[in-house]
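Inspection log for the structure reproduced underneath, given as structure tokens.
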Amino acid sequence: MTLRTALNDFKRTRDRRHQFPGEFRSTTGMFSGLDGRLVHVDSDGSLRDYSYPLCGLTGIDRSRFGVETDSTTWFGPDADQRYRGDAGVVETVHDCGDWAVVQTDCTIEQAHVTRFELRGDAPADVSLRAFVDFAPDGRNGQQSLLMHGNAVEAYHRSEHDFIGVSTELDTAVGQIPERFPELVDDDPVSFPRATGARRYEDTTLTGGVLLSAPFVDGGVTLATLLTDTADTDRDAALSTIERLVSDHYTSETVLEAGQAQRRWSVPAETPRHESVVADLRVLSLLSAANGARIAAPDFDPYYVTSGGYGYTWFRDDAEISAFLLEADGTFDLGLDSWHQRSAEFYCRTQQPDGSWPHRVWPGDETLAPGWANARLESGSDADYQADQTASVTTFLATYLRTGEPADPERIEATLGRAVESIDDTLADDGLPIACQNAWENMQGRFTHTAATFLHAYAAVARAPVCATLRDHARAQAETVLSALDALWTGDRYALREHDGTVDDRLDSATLALPAACRAAAQTVDLPAETRDRLCTHVETTLDGLERDTGDIRGLIRFEGDDWRRGSQDREKVWTVSTAWGANSAAQLGTLLRDADDSRATAAYARSRDLLGEILPGGSLVQSSGYLPEQLFDDGTPDCGTPLGWPHALRLATVAHLADAGERTAEPLSARE
């Protein structure tokens, strides 16, 4: 997203109630393809790249498509859109009255192919009109175009982007970007536009181009390709474009290419098949070639309202990895290479002190901008998210025990350093030191952080590592389990202790406790009193955080959460929190059932009830199948979309309930 695009969005949306101006939102439309480039196909068929975090190339900043008969008709929003098959091929149907244009999209490695085909009683002569504006090297200035017959090249320095069509180009004209007076004017600029009075070079010194190409035999294929000159020369790029538009001459060939990208297998009898496929698709879309995942497509690269989302957080990524490991063990999804890839990524990125940093760029694993890197700075560790190191530790230890890692000795060595790091951030009273929380907006000594420490120690205590490390981890798990007493308020575990005061607000992150205690129960004695407290805590937390607005139902993040409320006067519902609630209740159910506790039945029922709101057809699920991070009370989605964490939580919860034999009843939903 360039500054020009952000300013245009600001002008268009600054008066809207449920949109934050200047963002690069993806709450409509669908993402295409499962390879390294990430391309969004909006509900009007327009394309936009969210690729930079994954592959280091910026690509398409904005675009627009339409058809020309006697006049030009640009495709409008809210076209019929769906995924074809169980991979990443997007179909968008543009209604033109007695006829339609069917658009089929798939991202293939660094390329993106779009096939347009006519349906119905179309006119004899129809041409595709395409405006595509590239931002090579992330620039919105100092760009230029090169014309190559049926292809056009846009470049700045190292990034060169190409676009070509399968039929003869009738028109290929550079588009002049916004002039300075237009940037500061109140009104946005619409593209494409007439060039008007200009200097000789203006339509060449740009990254935007307007193309026109005829439909031949009812169709035309358009392809774009992102390249770095260090890896791909011009002749090779042009040859690739020519091959792409000739090979993908029907929507079916595009579908075949998309299906070939699928790196999983979901057996037909898998419970909640549609949901499982959707979750694996989303997690594939968000993954770089090395397996590292962005939290969500980066809708806010200028940090207008947030700190950005196109990075790999070790907490989110490791939690996702652990959920995938669990689901694969239940459903046999063929994800062995995913688990191995994640383990190698964590081993490579561990810091010398055994911790992991706040966040990294997934493509090259370098340190990304962040605000929780205290372990890399001098001073206190208050601005460090210790739960991230604990989450990675839990995955690695569990994978070492249940998987088939290629280098178990390396993982054991990584775990040894990780445990030392966790020890270093455990205070003498058995609770984590003051640090940042999972939501990254507070400091204190959090129940959630303690839960992740407990889970990590318990996982290492069960792992096939040396006896000294196992015994130490078991003792540390007992210490943390006992120390949790200090955060018990009588009917819940507190959000945190801060400066000697207990903050007893309800916090959905504390729902990590049942899974942690269930893991601990496999290696240390779990008192009956702890089970009683967990039952009370989960019931109190779910009841207190649940919101039913009439349009949506789910859990808010924590009491008093004021982030991104806009004009709404209450906390927003979060899909992560809702999915966490469903998973936590399922974990509690199994913990209770293993202890022959009859309260397990109610816990499983509560899990199914919440799960219903995040399954397809539930009130928090978009027509795309995506789970956005947050929703306004009227159901308007907001923030990172799709967000990987709730999709992984949903997948693991479906697997857990199926494995426990507790999928007998259909999930209850507030919305029929």
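Letters for chains follow the order of the structure tokens (A, B, ...), residue numbers begin at 1 for each chain, and ligand numbers begin at 1 in the order shown.
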Give me the range 213-277 of chain A side of the contact with range 331-347 of chain A, cut-off 7 Å, one line per residue showing its nearest atom pair and distance in Å at one decimal, counting only C-alpha atoms, sorted by chain and residue number, as JSON lines.
```
{"residue": "A:Trp264", "atom": "CA", "partner": "A:Gly334", "partner_atom": "CA", "distance": 5.4}
{"residue": "A:Ser265", "atom": "CA", "partner": "A:Leu333", "partner_atom": "CA", "distance": 5.1}
{"residue": "A:Val266", "atom": "CA", "partner": "A:Leu333", "partner_atom": "CA", "distance": 5.5}
{"residue": "A:Thr270", "atom": "CA", "partner": "A:Phe331", "partner_atom": "CA", "distance": 6.7}
```
Please produce an output containing N, CA and C atoms for each residue in the selection, written as a PDB file, in the first residue's frame.
```pdb
ATOM      1  N   TRP A 264      -2.143 -30.599   1.675  1.00  0.00           N
ATOM      2  CA  TRP A 264      -2.810 -31.323   2.753  1.00  0.00           C
ATOM      3  C   TRP A 264      -3.840 -32.255   2.127  1.00  0.00           C
ATOM      4  N   SER A 265      -4.358 -33.139   2.951  1.00  0.00           N
ATOM      5  CA  SER A 265      -5.403 -34.050   2.507  1.00  0.00           C
ATOM      6  C   SER A 265      -6.429 -34.175   3.619  1.00  0.00           C
ATOM      7  N   VAL A 266      -7.660 -33.758   3.347  1.00  0.00           N
ATOM      8  CA  VAL A 266      -8.729 -33.847   4.336  1.00  0.00           C
ATOM      9  C   VAL A 266      -9.647 -34.993   3.925  1.00  0.00           C
ATOM     10  N   THR A 270     -14.030 -36.611   7.391  1.00  0.00           N
ATOM     11  CA  THR A 270     -13.590 -35.736   8.472  1.00  0.00           C
ATOM     12  C   THR A 270     -14.752 -34.885   8.982  1.00  0.00           C
TER      13      THR A 270
END
```
Requested in this report: Compile the contact shell of range 364-369 of chain A as number ranges by chain: residues with an atom at most 12 Å away, counting only C-alpha atoms, same-chain residues fewer than 4 positions apart removed.
Outcome: A: 52-56, 288-294, 301-303, 307-314, 344-351, 356-360, 373, 376
9 Å contact set for range 541-557 of chain A, only C-alpha atoms, chain neighbours under 5 positions out, as a PDB file with C-alpha atoms, in the first residue's frame:
```
ATOM      1  CA  TRP A 439      -2.770  -8.576  24.025  1.00  0.00           C
ATOM      2  CA  ARG A 492     -11.921 -16.505  38.859  1.00  0.00           C
ATOM      3  CA  LEU A 506     -12.186 -10.934  33.357  1.00  0.00           C
ATOM      4  CA  ASP A 507      -9.718 -11.724  30.569  1.00  0.00           C
ATOM      5  CA  SER A 508     -10.274 -14.277  27.809  1.00  0.00           C
ATOM      6  CA  ALA A 509      -6.528 -14.991  27.726  1.00  0.00           C
ATOM      7  CA  THR A 510      -6.885 -16.684  31.111  1.00  0.00           C
ATOM      8  CA  LEU A 511      -8.847 -19.376  29.264  1.00  0.00           C
ATOM      9  CA  THR A 536     -15.679 -21.903  38.381  1.00  0.00           C
ATOM     10  CA  GLU A 571     -16.139  -3.684  23.895  1.00  0.00           C
ATOM     11  CA  LYS A 572     -16.112  -5.478  20.538  1.00  0.00           C
ATOM     12  CA  VAL A 573     -16.493  -9.216  20.066  1.00  0.00           C
ATOM     13  CA  TRP A 574     -13.273 -11.017  19.100  1.00  0.00           C
ATOM     14  CA  THR A 575     -13.115 -14.288  17.186  1.00  0.00           C
ATOM     15  CA  VAL A 576      -9.884 -15.268  18.978  1.00  0.00           C
ATOM     16  CA  SER A 577     -11.592 -14.946  22.343  1.00  0.00           C
ATOM     17  CA  THR A 578     -14.680 -16.840  21.178  1.00  0.00           C
ATOM     18  CA  ALA A 579     -12.583 -19.654  19.711  1.00  0.00           C
ATOM     19  CA  GLY A 581     -13.642 -20.062  24.920  1.00  0.00           C
ATOM     20  CA  LEU A 610     -19.540 -21.315  21.367  1.00  0.00           C
ATOM     21  CA  GLU A 613     -20.721 -19.101  16.321  1.00  0.00           C
ATOM     22  CA  ILE A 614     -17.392 -19.591  14.517  1.00  0.00           C
ATOM     23  CA  GLY A 618     -22.188 -18.890  12.529  1.00  0.00           C
ATOM     24  CA  SER A 619     -22.654 -15.235  13.345  1.00  0.00           C
ATOM     25  CA  LEU A 620     -18.921 -14.418  13.373  1.00  0.00           C
ATOM     26  CA  GLN A 630     -13.018  -8.352  15.608  1.00  0.00           C
ATOM     27  CA  LEU A 631     -16.592  -7.365  14.810  1.00  0.00           C
ATOM     28  CA  PHE A 632     -18.729  -4.378  15.659  1.00  0.00           C
ATOM     29  CA  ASP A 633     -22.034  -5.053  17.374  1.00  0.00           C
ATOM     30  CA  ASP A 634     -23.942  -4.847  14.075  1.00  0.00           C
ATOM     31  CA  GLY A 635     -21.773  -7.587  12.598  1.00  0.00           C
ATOM     32  CA  SER A 669     -26.067 -21.074  17.483  1.00  0.00           C
ATOM     33  CA  ALA A 670     -27.812 -17.896  18.442  1.00  0.00           C
ATOM     34  CA  ARG A 671     -28.417 -17.334  14.722  1.00  0.00           C
TER      35      ARG A 671
END
```
Report task. Enumerate as an NGL selection string all residues of range 423-648 of chain A assigned to alpha helix (DSSP H) by DSSP on the backbone, naming them with the chain letters and numbers the document uses. Result -> :A and (423-424 or 447-462 or 467-483 or 513-520 or 528-545 or 575-594 or 600-611 or 644-648)
Query - Closest of A:Ala278, A:Ala124, A:Met442, A:Ala520 to Asp70 in chain A - atom-to-atom distances counting only C-alpha atoms - result: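 Smallest separation from Asp70 in chain A among the options: A:Ala124.
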Requested in this report: Write out as number ranges by chain the residues lying within 12 Å of Tyr604 in chain A, counting only C-alpha atoms and excluding same-chain residues fewer than 6 positions away.
Outcome: A: 535, 581-593, 598, 610-611, 653-654, 656-658, 660-668
Query raised in the report: Could you pull out all residues of range 412-533 of chain A with a DSSP call of strand (DSSP E) and give them as a list in words?
Result: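 Listing strand (DSSP E) positions across range 412-533 of chain A yields Cys435, Gln436, Gln443, Gly444, Arg445, Phe446, Arg496, Glu497, His498, Thr501, Val502 and Asp503 of chain A.
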Export of prior selection with N, CA and C atoms as an mmCIF file, in the first residue's frame:
```cif
data_model
loop_
_atom_site.group_PDB
_atom_site.id
_atom_site.type_symbol
_atom_site.label_atom_id
_atom_site.label_comp_id
_atom_site.auth_asym_id
_atom_site.auth_seq_id
_atom_site.Cartn_x
_atom_site.Cartn_y
_atom_site.Cartn_z
ATOM 1 N N CYS A 435 5.874 -8.341 32.857
ATOM 2 C CA CYS A 435 6.205 -8.279 31.441
ATOM 3 C C CYS A 435 4.958 -7.835 30.683
ATOM 4 N N GLN A 436 4.995 -7.906 29.355
ATOM 5 C CA GLN A 436 3.813 -7.555 28.565
ATOM 6 C C GLN A 436 2.889 -8.761 28.456
ATOM 7 N N GLN A 443 1.374 -4.076 31.079
ATOM 8 C CA GLN A 443 2.457 -4.737 31.793
ATOM 9 C C GLN A 443 1.914 -5.274 33.112
ATOM 10 N N GLY A 444 2.528 -6.313 33.602
ATOM 11 C CA GLY A 444 2.097 -6.888 34.875
ATOM 12 C C GLY A 444 2.488 -8.350 34.956
ATOM 13 N N ARG A 445 1.949 -9.004 35.947
ATOM 14 C CA ARG A 445 2.209 -10.425 36.163
ATOM 15 C C ARG A 445 0.893 -11.149 35.872
ATOM 16 N N PHE A 446 0.799 -11.714 34.692
ATOM 17 C CA PHE A 446 -0.476 -12.142 34.130
ATOM 18 C C PHE A 446 -0.753 -13.629 34.364
ATOM 19 N N ARG A 496 -4.293 -9.996 36.176
ATOM 20 C CA ARG A 496 -2.878 -9.776 36.487
ATOM 21 C C ARG A 496 -2.731 -9.260 37.915
ATOM 22 N N GLU A 497 -1.497 -9.258 38.362
ATOM 23 C CA GLU A 497 -1.079 -8.485 39.538
ATOM 24 C C GLU A 497 -0.173 -7.383 39.015
ATOM 25 N N HIS A 498 -0.444 -6.154 39.439
ATOM 26 C CA HIS A 498 0.305 -5.012 38.917
ATOM 27 C C HIS A 498 0.620 -4.060 40.059
ATOM 28 N N THR A 501 -1.094 -4.755 43.323
ATOM 29 C CA THR A 501 -2.560 -4.783 43.335
ATOM 30 C C THR A 501 -3.057 -5.824 42.351
ATOM 31 N N VAL A 502 -4.060 -6.591 42.760
ATOM 32 C CA VAL A 502 -4.640 -7.602 41.884
ATOM 33 C C VAL A 502 -5.689 -6.952 40.995
ATOM 34 N N ASP A 503 -5.516 -7.083 39.694
ATOM 35 C CA ASP A 503 -6.477 -6.598 38.698
ATOM 36 C C ASP A 503 -7.408 -7.760 38.389
#
```
Query - Within 9 Å of Thr523 in chain A using only C-alpha atoms, minus same-chain residues under 4 positions, as a ChimeraX atom specification - result: /A:458-459,461-462,474,477,519
Save out the residues we just selected, all heavy atoms, as a tab-separated table (two decimals), in the first residue's frame.
```tsv
chain	number	residue	atom	x	y	z
A	458	ALA	N	5.37	-28.39	31.64
A	458	ALA	CA	4.73	-29.70	31.60
A	458	ALA	C	5.05	-30.44	30.31
A	458	ALA	O	5.29	-31.66	30.32
A	458	ALA	CB	3.22	-29.54	31.76
A	459	ALA	N	5.08	-29.71	29.19
A	459	ALA	CA	5.39	-30.34	27.91
A	459	ALA	C	6.83	-30.85	27.89
A	459	ALA	O	7.10	-31.96	27.39
A	459	ALA	CB	5.17	-29.35	26.77
A	461	ALA	N	8.56	-31.71	30.51
A	461	ALA	CA	8.64	-32.82	31.47
A	461	ALA	C	8.18	-34.14	30.85
A	461	ALA	O	8.56	-35.22	31.33
A	461	ALA	CB	7.79	-32.50	32.70
A	462	ARG	N	7.39	-34.08	29.79
A	462	ARG	CA	6.91	-35.29	29.12
A	462	ARG	C	7.73	-35.63	27.88
A	462	ARG	O	7.54	-36.69	27.27
A	462	ARG	CB	5.44	-35.12	28.71
A	462	ARG	CG	4.49	-34.89	29.86
A	462	ARG	CD	3.06	-34.78	29.33
A	462	ARG	NE	2.59	-36.03	28.77
A	462	ARG	CZ	1.56	-36.15	27.94
A	462	ARG	NH1	0.92	-35.06	27.53
A	462	ARG	NH2	1.18	-37.32	27.48
A	474	ARG	N	9.61	-30.67	35.47
A	474	ARG	CA	8.50	-31.16	36.30
A	474	ARG	C	8.44	-30.36	37.61
A	474	ARG	O	7.35	-29.96	38.05
A	474	ARG	CB	8.68	-32.64	36.60
A	474	ARG	CG	7.53	-33.26	37.40
A	474	ARG	CD	7.74	-34.74	37.63
A	474	ARG	NE	7.79	-35.47	36.37
A	474	ARG	CZ	8.89	-35.99	35.84
A	474	ARG	NH1	10.06	-35.87	36.48
A	474	ARG	NH2	8.84	-36.66	34.71
A	477	ALA	N	7.04	-26.97	36.94
A	477	ALA	CA	5.59	-27.01	36.72
A	477	ALA	C	4.85	-27.03	38.05
A	477	ALA	O	3.83	-26.34	38.23
A	477	ALA	CB	5.23	-28.24	35.88
A	519	ALA	N	-2.27	-30.50	30.61
A	519	ALA	CA	-0.93	-30.98	30.30
A	519	ALA	C	-0.16	-31.27	31.58
A	519	ALA	O	0.55	-32.28	31.68
A	519	ALA	CB	-0.19	-29.94	29.46
```
Query raised in the report: Can you list, as a list in words, every protein, DNA or RNA residue that comes within 8 Å of Leu484 in chain A when you count only C-alpha atoms, leaving out same-chain residues fewer than 5 positions away?
Result: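 Contacts, in chain order: Leu431, Thr447 and Ala450 of chain A.
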Query raised in the report: Which residue gives the smallest distance to Thr72 in chain A among A:Val41, A:Leu128, A:Asp424, A:Asp228, with only C-alpha atoms counted?
Result: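 Using only C-alpha atoms, the shortest distance to Thr72 in chain A belongs to A:Leu128.
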Requested in this report: Name all residues at most 6 Å from range 131-148 of chain A (count only C-alpha atoms; drop same-chain ones fewer than 3 positions away) and give them as a VMD selection string.
Outcome: chain A and resid 2 58 to 64 151 to 156 159 204 to 210
Query raised in the report: What is the distance between CA of Asp328 in chain A and CA of Gln622 in chain A, in Å to one decimal?
Result: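 CA of Gln622 in chain A lies at a distance of 25.1 Å from CA of Asp328 in chain A.
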Query - Å distance separating CA of Thr5 in chain A from CA of His18 in chain A, one decimal place - result: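 One can read the CA of Thr5 in chain A to CA of His18 in chain A distance as 19.3 Å.
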Query raised in the report: Which distance in Å separates CA of Val216 in chain A and CA of Gln259 in chain A, to one decimal?
Result: 26.0 Å
Requested in this report: Name the closest residue to Arg599 in chain A among the candidates A:Asp638, A:Asp316, A:Glu182, A:Glu539; distances are taken between atoms, counting only C-alpha atoms.
Outcome: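 Checking each of A:Asp638, A:Asp316, A:Glu182, A:Glu539 against Arg599 in chain A, counting only C-alpha atoms, the winner is A:Glu539.
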